[in-house]
$ cat work.csv   # CSV, C-alpha atoms and all ligand atoms
chain,number,residue,atom,x,y,z
A,1,THR,CA,22.5,31.9,6.6
A,2,ALA,CA,23.1,30.8,10.2
A,3,LEU,CA,20.7,33.5,11.3
A,4,GLU,CA,18.0,32.3,8.8
A,5,LEU,CA,18.5,28.7,9.9
A,6,GLY,CA,18.0,29.3,13.6
A,7,ASP,CA,18.0,25.8,15.3
A,8,HIS,CA,17.5,23.9,12.1
A,9,PRO,CA,20.3,21.7,10.8
A,10,ASP,CA,19.7,22.7,7.2
A,11,HIS,CA,17.3,24.7,5.0
A,12,MET,CA,15.4,21.6,3.9
A,13,ALA,CA,14.6,20.7,7.5
A,14,LYS,CA,13.4,24.2,8.1
A,15,GLU,CA,11.3,24.4,5.0
A,16,ILE,CA,9.7,21.0,5.7
A,17,GLU,CA,8.8,22.1,9.2
A,18,GLU,CA,7.3,25.4,7.9
A,19,GLN,CA,4.6,23.6,5.9
A,20,PRO,CA,1.8,23.6,8.5
A,21,ALA,CA,2.3,27.4,9.0
A,22,VAL,CA,2.4,28.0,5.2
A,23,VAL,CA,-0.8,26.1,4.8
A,24,SER,CA,-2.5,27.9,7.7
A,25,SER,CA,-1.6,31.3,6.3
A,26,ILE,CA,-3.0,30.3,2.8
A,27,LEU,CA,-6.2,29.0,4.4
A,28,ASP,CA,-6.6,32.2,6.4
A,29,ARG,CA,-6.5,34.1,3.1
A,30,VAL,CA,-9.0,31.7,1.6
A,31,ALA,CA,-11.3,32.1,4.6
A,32,ARG,CA,-11.2,35.9,4.3
A,33,ARG,CA,-11.9,35.7,0.5
A,34,ALA,CA,-14.8,33.3,1.1
A,35,ALA,CA,-16.2,35.6,3.8
A,36,ASP,CA,-16.1,38.8,1.7
A,37,GLY,CA,-17.4,36.9,-1.4
A,38,SER,CA,-14.3,37.6,-3.6
A,39,MET,CA,-13.5,33.9,-3.6
A,40,TRP,CA,-16.5,33.2,-5.9
A,41,VAL,CA,-16.0,35.8,-8.5
A,42,GLY,CA,-13.5,33.8,-10.5
A,43,LEU,CA,-10.1,34.9,-11.7
A,44,GLY,CA,-11.1,37.5,-14.3
A,45,LEU,CA,-10.2,35.2,-17.1
A,46,PRO,CA,-12.4,34.2,-20.0
A,47,GLY,CA,-14.6,31.1,-19.6
A,48,PHE,CA,-12.8,27.8,-20.3
A,49,HIS,CA,-13.9,24.3,-21.4
A,50,ARG,CA,-10.6,22.6,-20.5
A,51,LEU,CA,-7.3,23.2,-18.8
A,52,ALA,CA,-3.7,22.5,-19.7
A,53,ILE,CA,-1.3,22.5,-16.8
A,54,VAL,CA,2.3,23.3,-17.9
A,55,ALA,CA,5.2,22.7,-15.5
A,56,CYS,CA,8.4,20.8,-14.7
A,57,GLY,CA,9.7,18.6,-11.9
A,58,THR,CA,8.0,19.1,-8.5
A,59,SER,CA,5.7,21.8,-9.9
A,60,LEU,CA,4.6,19.2,-12.5
A,61,ASN,CA,3.7,16.8,-9.6
A,62,ALA,CA,1.7,19.6,-7.9
A,63,GLY,CA,0.0,20.1,-11.3
A,64,GLN,CA,-1.0,16.4,-11.3
A,65,VAL,CA,-2.7,16.9,-7.9
A,66,ILE,CA,-4.5,20.0,-9.1
A,67,ALA,CA,-5.6,18.2,-12.3
A,68,ALA,CA,-7.0,15.3,-10.2
A,69,ALA,CA,-8.9,17.9,-8.1
A,70,LEU,CA,-10.3,19.6,-11.2
A,71,ARG,CA,-11.4,16.3,-12.7
A,72,GLY,CA,-12.7,15.0,-9.5
A,73,ILE,CA,-14.7,18.0,-8.3
A,74,GLY,CA,-15.7,19.7,-11.5
A,75,GLY,CA,-15.4,17.1,-14.2
A,76,VAL,CA,-13.2,19.5,-16.2
A,77,PRO,CA,-11.0,17.8,-18.7
A,78,THR,CA,-7.4,18.7,-17.9
A,79,ASP,CA,-4.2,17.9,-19.8
A,80,ILE,CA,-0.8,17.8,-18.3
A,81,VAL,CA,1.9,19.2,-20.4
A,82,VAL,CA,5.6,18.6,-19.5
A,83,ALA,CA,6.9,22.0,-20.3
A,84,SER,CA,10.0,20.8,-22.2
A,85,GLU,CA,7.7,18.8,-24.4
A,86,ALA,CA,5.2,21.6,-25.1
A,87,ASP,CA,6.0,21.5,-28.8
A,88,GLN,CA,4.1,18.2,-29.0
A,89,ALA,CA,1.0,19.5,-27.3
A,90,VAL,CA,-2.2,20.5,-29.2
A,91,LEU,CA,-4.6,22.6,-27.2
A,92,GLY,CA,-8.2,22.8,-28.3
A,93,PRO,CA,-10.2,26.1,-28.3
A,94,GLY,CA,-11.3,27.3,-24.9
A,95,THR,CA,-8.3,25.9,-23.1
A,96,LEU,CA,-7.0,27.8,-20.1
A,97,VAL,CA,-3.2,27.3,-19.7
A,98,VAL,CA,-2.1,27.1,-16.0
A,99,ALA,CA,1.7,27.5,-15.8
A,100,ILE,CA,3.1,26.3,-12.4
A,101,SER,CA,6.6,27.4,-11.4
A,102,GLN,CA,7.9,28.1,-8.0
A,103,SER,CA,10.7,30.4,-9.3
A,104,GLY,CA,8.7,31.7,-12.3
A,105,GLU,CA,12.0,31.7,-14.2
A,106,THR,CA,12.2,28.1,-15.5
A,107,ALA,CA,13.2,28.3,-19.1
A,108,ASP,CA,11.2,25.3,-20.3
A,109,VAL,CA,8.0,26.9,-18.9
A,110,LEU,CA,8.7,30.3,-20.4
A,111,ARG,CA,9.5,28.6,-23.7
A,112,ALA,CA,6.2,26.7,-23.6
A,113,LEU,CA,4.4,30.1,-23.2
A,114,ASP,CA,5.9,31.2,-26.5
A,115,ARG,CA,3.8,28.5,-28.0
A,116,PHE,CA,0.5,29.0,-26.1
A,117,GLU,CA,0.2,32.6,-25.0
A,118,ASP,CA,-1.2,34.1,-28.3
A,119,ARG,CA,-4.1,31.7,-28.5
A,120,HIS,CA,-4.8,30.9,-24.8
A,121,PRO,CA,-5.2,32.9,-21.6
A,122,VAL,CA,-2.4,32.0,-19.1
A,123,LEU,CA,-2.8,31.7,-15.3
A,124,ALA,CA,0.5,31.6,-13.4
A,125,LEU,CA,0.9,29.8,-10.1
A,126,THR,CA,4.2,31.0,-8.7
A,127,ASN,CA,6.1,31.7,-5.5
A,128,ASN,CA,7.6,34.8,-7.2
A,129,VAL,CA,5.0,37.4,-8.3
A,130,HIS,CA,7.8,39.5,-9.8
A,131,SER,CA,9.1,36.7,-12.0
A,132,SER,CA,9.2,36.6,-15.8
A,133,LEU,CA,6.3,34.1,-15.7
A,134,ALA,CA,4.2,36.4,-13.6
A,135,ARG,CA,4.8,39.3,-15.9
A,136,ARG,CA,3.8,37.4,-18.9
A,137,ALA,CA,0.6,35.8,-17.5
A,138,ASP,CA,-2.9,37.2,-17.8
A,139,ALA,CA,-3.5,36.4,-14.1
A,140,VAL,CA,-1.2,35.4,-11.2
A,141,LEU,CA,-1.8,33.4,-8.1
A,142,ASP,CA,0.9,33.9,-5.4
A,143,CYS,CA,1.8,30.7,-3.6
A,144,HIS,CA,2.8,32.6,-0.4
A,145,ALA,CA,5.3,30.0,0.7
A,146,GLY,CA,8.0,32.5,1.6
A,147,PRO,CA,11.6,32.1,0.3
A,148,GLU,CA,12.7,28.5,-0.3
A,149,ILE,CA,16.5,28.1,-0.3
A,150,GLY,CA,16.8,24.3,-0.5
A,151,VAL,CA,17.2,23.2,-4.1
A,152,ALA,CA,14.7,20.4,-3.4
A,153,ALA,CA,11.2,22.0,-3.4
A,154,THR,CA,9.2,21.1,-0.3
A,155,LYS,CA,7.0,23.8,1.1
A,156,THR,CA,6.4,25.3,-2.4
A,157,PHE,CA,4.9,22.0,-3.5
A,158,THR,CA,2.5,22.0,-0.6
A,159,ALA,CA,1.7,25.7,-1.2
A,160,GLN,CA,1.1,25.1,-4.9
A,161,VAL,CA,-1.3,22.3,-4.2
A,162,VAL,CA,-3.3,24.3,-1.6
A,163,VAL,CA,-3.4,27.5,-3.6
A,164,GLY,CA,-4.2,25.6,-6.7
A,165,VAL,CA,-7.0,23.6,-5.1
A,166,ALA,CA,-8.6,26.7,-3.6
A,167,ALA,CA,-8.4,28.4,-7.1
A,168,VAL,CA,-10.0,25.3,-8.6
A,169,ILE,CA,-12.9,25.5,-6.1
A,170,SER,CA,-13.3,29.2,-6.7
A,171,ALA,CA,-13.2,28.9,-10.5
A,172,LEU,CA,-15.7,26.0,-10.5
A,173,VAL,CA,-18.2,28.1,-8.5
A,174,ALA,CA,-17.7,31.2,-10.7
A,175,SER,CA,-18.3,29.1,-13.8
A,176,GLY,CA,-21.5,27.5,-12.3
A,177,ARG,CA,-20.1,24.0,-12.3
A,178,ILE,CA,-20.5,23.6,-8.5
A,179,ASP,CA,-22.7,25.5,-6.1
A,180,ALA,CA,-21.6,27.5,-3.1
A,181,GLY,CA,-22.6,24.8,-0.6
A,182,ARG,CA,-20.4,22.2,-2.2
A,183,ALA,CA,-17.6,24.8,-2.4
A,184,SER,CA,-17.9,25.6,1.3
A,185,ALA,CA,-17.8,21.9,2.2
A,186,LEU,CA,-14.6,21.5,0.2
A,187,VAL,CA,-13.0,24.5,1.8
A,188,GLY,CA,-14.0,23.0,5.1
A,189,GLU,CA,-12.2,19.8,4.3
A,190,LEU,CA,-9.0,21.8,3.7
A,191,THR,CA,-9.1,23.3,7.2
A,192,ASP,CA,-7.7,20.1,8.8
A,193,LEU,CA,-4.6,20.2,6.7
A,194,PRO,CA,-2.2,22.0,9.0
A,195,ALA,CA,-3.0,19.6,11.8
A,196,ARG,CA,-2.8,16.6,9.5
A,197,ILE,CA,0.6,17.7,8.2
A,198,GLU,CA,1.9,18.3,11.8
A,199,HIS,CA,0.7,14.8,12.8
A,200,ALA,CA,2.4,13.2,9.7
A,201,ALA,CA,5.6,15.0,10.4
A,202,SER,CA,5.8,13.9,14.0
A,203,ILE,CA,5.0,10.2,13.2
A,204,ALA,CA,7.6,10.4,10.4
A,205,ALA,CA,10.2,11.8,12.7
A,206,ASP,CA,9.8,8.8,15.0
A,207,ARG,CA,9.7,6.1,12.3
A,208,ILE,CA,12.0,7.2,9.5
A,209,PRO,CA,15.5,7.0,10.9
A,210,LEU,CA,15.2,3.3,11.6
A,211,LEU,CA,13.4,2.5,8.4
A,212,VAL,CA,16.1,4.3,6.4
A,213,SER,CA,18.9,2.5,8.2
A,214,SER,CA,17.4,-0.7,6.9
A,215,VAL,CA,17.4,0.4,3.3
A,216,LYS,CA,20.4,2.7,3.0
A,217,ASP,CA,22.5,0.2,1.1
A,218,ALA,CA,19.8,-0.4,-1.6
A,219,THR,CA,20.7,0.8,-5.0
A,220,GLY,CA,17.2,1.4,-6.2
A,221,PHE,CA,13.8,2.2,-4.9
A,222,LEU,CA,10.2,1.8,-6.2
A,223,PHE,CA,7.4,4.1,-5.3
A,224,LEU,CA,3.9,3.0,-5.8
A,225,GLY,CA,0.5,4.6,-5.5
A,226,ARG,CA,-2.9,4.5,-7.1
A,227,GLY,CA,-5.3,7.3,-8.2
A,228,ALA,CA,-5.0,10.4,-6.1
A,229,GLY,CA,-2.0,8.9,-4.3
A,230,LEU,CA,0.0,8.6,-7.5
A,231,PRO,CA,1.4,12.2,-7.8
A,232,TYR,CA,2.7,11.9,-4.3
A,233,ALA,CA,4.5,8.6,-5.1
A,234,ALA,CA,6.0,10.5,-8.1
A,235,GLU,CA,7.1,13.4,-5.8
A,236,GLY,CA,8.6,10.9,-3.3
A,237,ALA,CA,10.7,9.3,-6.0
A,238,LEU,CA,11.8,12.6,-7.4
A,239,LYS,CA,12.9,13.9,-4.0
A,240,LEU,CA,14.8,10.6,-3.2
A,241,LYS,CA,16.8,10.6,-6.5
A,242,GLU,CA,17.5,14.3,-6.3
A,243,LEU,CA,18.9,14.2,-2.7
A,244,SER,CA,20.3,10.7,-2.3
A,245,TYR,CA,21.5,10.0,-5.9
A,246,ARG,CA,19.9,6.6,-5.7
A,247,TRP,CA,17.7,5.3,-8.5
A,248,ALA,CA,14.0,5.7,-7.8
A,249,GLU,CA,11.0,5.1,-10.0
A,250,ALA,CA,7.3,5.8,-9.4
A,251,TYR,CA,4.6,3.6,-10.9
A,252,PRO,CA,0.9,3.2,-10.7
A,253,ALA,CA,0.7,0.1,-8.4
A,254,GLY,CA,-1.3,-1.7,-11.0
A,255,GLU,CA,1.5,-1.5,-13.5
A,256,LEU,CA,3.8,-3.5,-11.2
A,257,LYS,CA,2.9,-6.8,-12.8
A,258,HIS,CA,3.4,-5.4,-16.3
A,259,GLY,CA,7.2,-5.0,-15.8
A,260,PRO,CA,8.6,-3.3,-12.7
A,261,LEU,CA,7.9,-6.4,-10.5
A,262,ALA,CA,10.9,-8.0,-12.2
A,263,LEU,CA,13.1,-5.5,-10.3
A,264,VAL,CA,11.9,-6.7,-6.9
A,265,ASP,CA,14.2,-9.0,-5.2
A,266,GLU,CA,15.2,-9.8,-1.5
A,267,GLY,CA,15.3,-6.4,0.3
A,268,THR,CA,14.3,-4.2,-2.6
A,269,PRO,CA,12.7,-1.1,-1.0
A,270,VAL,CA,9.2,-0.4,-2.2
A,271,VAL,CA,7.5,2.7,-0.8
A,272,VAL,CA,3.7,2.6,-1.0
A,273,VAL,CA,1.5,5.7,-0.6
A,274,ASP,CA,-1.5,3.9,0.8
A,275,HIS,CA,-4.4,6.3,1.0
A,276,GLY,CA,-6.9,3.5,1.5
A,277,GLU,CA,-7.4,2.1,-2.0
A,278,GLN,CA,-8.2,-1.5,-1.4
A,279,ARG,CA,-6.4,-2.9,-4.4
A,280,LEU,CA,-3.1,-1.7,-3.0
A,281,GLN,CA,-3.1,-4.6,-0.6
A,282,ALA,CA,-2.8,-7.1,-3.4
A,283,ASN,CA,0.1,-5.1,-4.8
A,284,ILE,CA,1.8,-5.0,-1.4
A,285,ALA,CA,1.4,-8.7,-1.1
A,286,GLU,CA,3.0,-9.3,-4.5
A,287,VAL,CA,6.0,-7.3,-3.5
A,288,ARG,CA,6.3,-9.0,-0.1
A,289,ALA,CA,6.1,-12.4,-1.8
A,290,ARG,CA,9.3,-11.6,-3.7
A,291,GLY,CA,11.1,-10.5,-0.6
A,292,GLY,CA,10.7,-6.8,-1.2
A,293,PHE,CA,11.1,-4.4,1.8
A,294,VAL,CA,7.8,-2.5,1.8
A,295,ILE,CA,7.4,0.8,3.5
A,296,THR,CA,3.8,1.9,3.7
A,297,ILE,CA,2.8,5.5,4.3
A,298,GLY,CA,-0.9,5.4,5.2
A,299,GLY,CA,-3.4,4.9,8.0
A,300,GLU,CA,-3.3,2.9,11.2
A,301,GLY,CA,-1.3,-0.3,10.9
A,302,SER,CA,1.1,1.1,8.2
A,303,ASP,CA,4.8,1.6,8.7
A,304,ILE,CA,4.4,5.3,8.8
A,305,PRO,CA,0.8,5.8,10.0
A,306,ALA,CA,0.7,9.4,8.9
A,307,LEU,CA,-2.7,9.6,7.2
A,308,GLY,CA,-5.6,10.1,9.5
A,309,ARG,CA,-5.7,9.4,13.2
A,310,ARG,CA,-8.3,9.0,15.8
A,311,ALA,CA,-8.2,11.9,18.2
A,312,ALA,CA,-10.0,12.2,21.5
A,313,GLY,CA,-13.7,12.9,21.3
A,314,ASP,CA,-15.7,12.4,18.2
A,315,LEU,CA,-13.2,13.6,15.7
A,316,ALA,CA,-12.3,10.7,13.5
A,317,TRP,CA,-10.0,11.1,10.6
A,318,GLY,CA,-10.4,8.3,8.2
A,319,PRO,CA,-8.2,7.6,5.2
A,320,ALA,CA,-7.6,10.6,2.9
A,321,THR,CA,-10.6,10.6,0.5
A,322,ALA,CA,-10.3,14.3,-0.5
A,323,PRO,CA,-10.1,14.9,-4.3
A,324,TRP,CA,-6.6,16.3,-3.8
A,325,GLY,CA,-5.5,13.0,-2.3
A,326,PRO,CA,-3.3,12.4,0.7
A,327,LEU,CA,-1.4,15.7,0.7
A,328,GLU,CA,0.1,15.1,4.2
A,329,ALA,CA,1.8,12.0,2.8
A,330,VAL,CA,4.3,14.3,1.0
A,331,VAL,CA,5.9,15.2,4.4
A,332,PRO,CA,7.1,11.7,5.3
A,333,LEU,CA,8.2,11.3,1.7
A,334,GLN,CA,10.3,14.5,1.9
A,335,MET,CA,11.7,13.4,5.3
A,336,LEU,CA,12.5,9.9,3.9
A,337,ALA,CA,14.5,11.4,1.1
A,338,ARG,CA,16.3,13.8,3.4
A,339,GLU,CA,17.1,11.2,6.0
A,340,LEU,CA,18.5,8.8,3.4
A,341,ALA,CA,20.7,11.6,1.9
A,342,LEU,CA,22.0,12.5,5.3
A,343,GLN,CA,22.8,8.8,6.2
A,344,LEU,CA,24.7,8.6,2.9
A,345,GLY,CA,26.6,11.8,3.6
A,346,CYS,CA,25.0,14.0,0.9
A,347,ASP,CA,24.4,17.8,1.1
A,348,VAL,CA,20.6,18.1,1.3
A,349,ASP,CA,20.4,21.8,0.5
A,350,LYS,CA,22.6,21.7,-2.6
A,351,PRO,CA,22.4,18.4,-4.4
A,352,ARG,CA,25.0,17.8,-7.1
A,353,ASN,CA,24.4,18.8,-10.7
A,354,LEU,CA,21.2,20.7,-9.9
A,355,ALA,CA,20.2,24.4,-9.6
A,356,LYS,CA,17.3,26.0,-7.7
A,357,SER,CA,16.2,27.8,-10.8
A,358,VAL,CA,16.7,26.2,-14.2
A,359,THR,CA,17.1,29.0,-16.6
A,360,VAL,CA,18.4,27.0,-19.6
A,361,GLU,CA,16.3,24.7,-21.8
B,401,LIG,C1,12.4,20.0,-7.2
B,401,LIG,O1,12.8,19.5,-6.0
B,401,LIG,C2,13.4,20.2,-8.3
B,401,LIG,N1,14.5,21.0,-7.8
B,401,LIG,C3,12.9,20.6,-9.6
B,401,LIG,O2,12.2,19.5,-10.1
B,401,LIG,C4,12.0,21.8,-9.8
B,401,LIG,O3,10.7,21.5,-9.2
B,401,LIG,C5,11.8,22.2,-11.3
B,401,LIG,O4,13.1,22.5,-11.8
B,401,LIG,C6,10.8,23.3,-11.5
B,401,LIG,O5,11.2,24.5,-10.9
B,401,LIG,P1,10.1,25.6,-10.8
B,401,LIG,O6,9.0,25.3,-9.9
B,401,LIG,O7,10.9,26.8,-10.3
B,401,LIG,O8,9.7,25.9,-12.2

$ encode --input "work.csv" --output "structure tokens"
Amino acid sequence: TALELGDHPDHMAKEIEEQPAVVSSILDRVARRAADGSMWVGLGLPGFHRLAIVACGTSLNAGQVIAAALRGIGGVPTDIVVASEADQAVLGPGTLVVAISQSGETADVLRALDRFEDRHPVLALTNNVHSSLARRADAVLDCHAGPEIGVAATKTFTAQVVVGVAAVISALVASGRIDAGRASALVGELTDLPARIEHAASIAADRIPLLVSSVKDATGFLFLGRGAGLPYAAEGALKLKELSYRWAEAYPAGELKHGPLALVDEGTPVVVVDHGEQRLQANIAEVRARGGFVITIGGEGSDIPALGRRAAGDLAWGPATAPWGPLEAVVPLQMLARELALQLGCDVDKPRNLAKSVTVE
């Protein structure tokens, strides 16, 4: 393990840092497949009218991002199925099931397939192409994230999103829903991602230790986002509770006034994924008016200005408007959870009560 870790203090730190390289290598594959035309031939699966994404935990949050991209780019209706609740799901004819699981061994996901696989084609999105999930699926997409040791998923989330979004673009071209020109423009928007992630990580490394020291005695945290930012808020809250054992809940910011605002008191930490949606400003003001300690992850002027920057020359990165939302925001969120856990003396690679691969229902 010491050998694998190199200079890194823990696996989580290493895996967070690997994200730009993981994304670059996925984008290289995408570029090769776009160049030789294989990107546009689809996945060899029957045509579909709608999708159902089945997953748990962090993979479910990645599924929410992929679903937003599908709806936003191709207008394809997409249901999200919490794998452990699959018994409740009714999938219409022509539904493609997309099962997302880093390990490919999650019992809840495999059990959900028992219910769906006879009547629906299954596409697996996994970091283990030799897994039970991969063997049972009709088609498999490899996340190519490399081994992830930390129990908290980090680079596999990012890999799932990028591989998933590339697959979405490819499937939408193959099914005639978008043309090749629009697809190339979207693939072009992905190419900035490694640089954006690196930028987000370096800003977060500067800002987070001090921010965390101001909130480390808080017993609970709220995470807010809107639209495409929401799955990232959910992922930030999941990481924080998993690693620091503090209560954390994610809400659509507009829901605040329908209940959670009652939780906000002097010093209550509220983390806002601010990808430029105007209405967030009013939500932030509501929290501040009650004395809440707001941490914004967003563009210029935010506490962690990790989204977009103005570089030299004519390259201007505005707020994240991509259909897959502010993916780079996940890096500060991972770092926030890790730093809080470390300041509280927790083991960031092996959180209590949890396992890397959950093979029981
Ligand atoms: C993520 O940090 C968690 N450890 C957990 O939510 C995990 O994502 C979930 O158990 C699903 O695992 P999978 O991707 O291997 O199916």

$ residues_around --input "work.csv" --residues "Ala204 (chain A)" --least-positions-apart "3" --cutoff "8 Å" --atoms "only C-alpha atoms" --output "JSON, numbers by chain"
{"A": [200, 201, 207, 208, 304, 306, 331, 332, 335]}

$ closest_residue --input "work.csv" --among "A:Thr321, A:Ser302, A:Gln281, A:Ser84" --to "Ile203 (chain A)" --atoms "only C-alpha atoms"
A:Ser302

$ closest_atom_pairs --input "work.csv" --of "chain A" --to "ligand LIG 401 (chain B)" --cutoff "6 Å" --atoms "only C-alpha atoms and all ligand atoms" --output "tab-separated table"
residue	atom	partner	partner_atom	distance
A:Cys56	CA	B:LIG401	C6	4.7
A:Gly57	CA	B:LIG401	O2	3.2
A:Thr58	CA	B:LIG401	O3	3.7
A:Ser59	CA	B:LIG401	O6	4.8
A:Ser101	CA	B:LIG401	O6	3.5
A:Gln102	CA	B:LIG401	O6	3.6
A:Ser103	CA	B:LIG401	O7	3.7
A:Gly104	CA	B:LIG401	O7	5.7
A:Thr106	CA	B:LIG401	O8	4.7
A:Val151	CA	B:LIG401	N1	5.1
A:Ala152	CA	B:LIG401	O1	3.3
A:Ala153	CA	B:LIG401	O1	3.9
A:Lys239	CA	B:LIG401	O1	5.9
A:Lys356	CA	B:LIG401	N1	5.7
A:Ser357	CA	B:LIG401	O7	5.4
A:Val358	CA	B:LIG401	O4	5.7

$ atom_distance --input "work.csv" --atom1 "CA of Leu43 (chain A)" --atom2 "CA of Val82 (chain A)"
23.9 Å

$ closest_residue --input "work.csv" --among "A:Ala289, A:Ala137, A:Leu238, A:Leu327" --to "Asp274 (chain A)" --atoms "all atoms listed in the file"
A:Leu327

$ closest_residue --input "work.csv" --among "A:Ala341, A:Ile16, A:Ala89, A:Ala145" --to "Asn128 (chain A)" --atoms "only C-alpha atoms"
A:Ala145

$ closest_residue --input "work.csv" --among "A:Leu307, A:Val271, A:Leu113, A:Leu280" --to "Val294 (chain A)" --atoms "all atoms listed in the file"
A:Val271

$ closest_residue --input "work.csv" --among "A:Ile26, A:Val173, A:Val140, A:Ile149" --to "Leu5 (chain A)" --atoms "all atoms listed in the file"
A:Ile149

$ residues_around --input "work.csv" --residues "Val272 (chain A)" --least-positions-apart "4" --cutoff "9 Å" --atoms "all atoms listed in the file" --output "list in words"
Leu222, Phe223, Leu224, Gly225, Ala233, Ala253, Leu280, Ile284, Val294, Ile295, Thr296, Ile297 and Gly298 of chain A

$ atom_distance --input "work.csv" --atom1 "CA of Gly254 (chain A)" --atom2 "CA of Asn283 (chain A)"
7.2 Å

$ residues_near_point --input "work.csv" --point "(16.7, 5.6, -5.0)" --cutoff "6 Å" --atoms "all atoms listed in the file" --output "PyMOL selection string"
chain A and resi 220-221+240-241+246-248

$ atom_distance --input "work.csv" --atom1 "CA of Val81 (chain A)" --atom2 "CA of Gly176 (chain A)"
26.1 Å
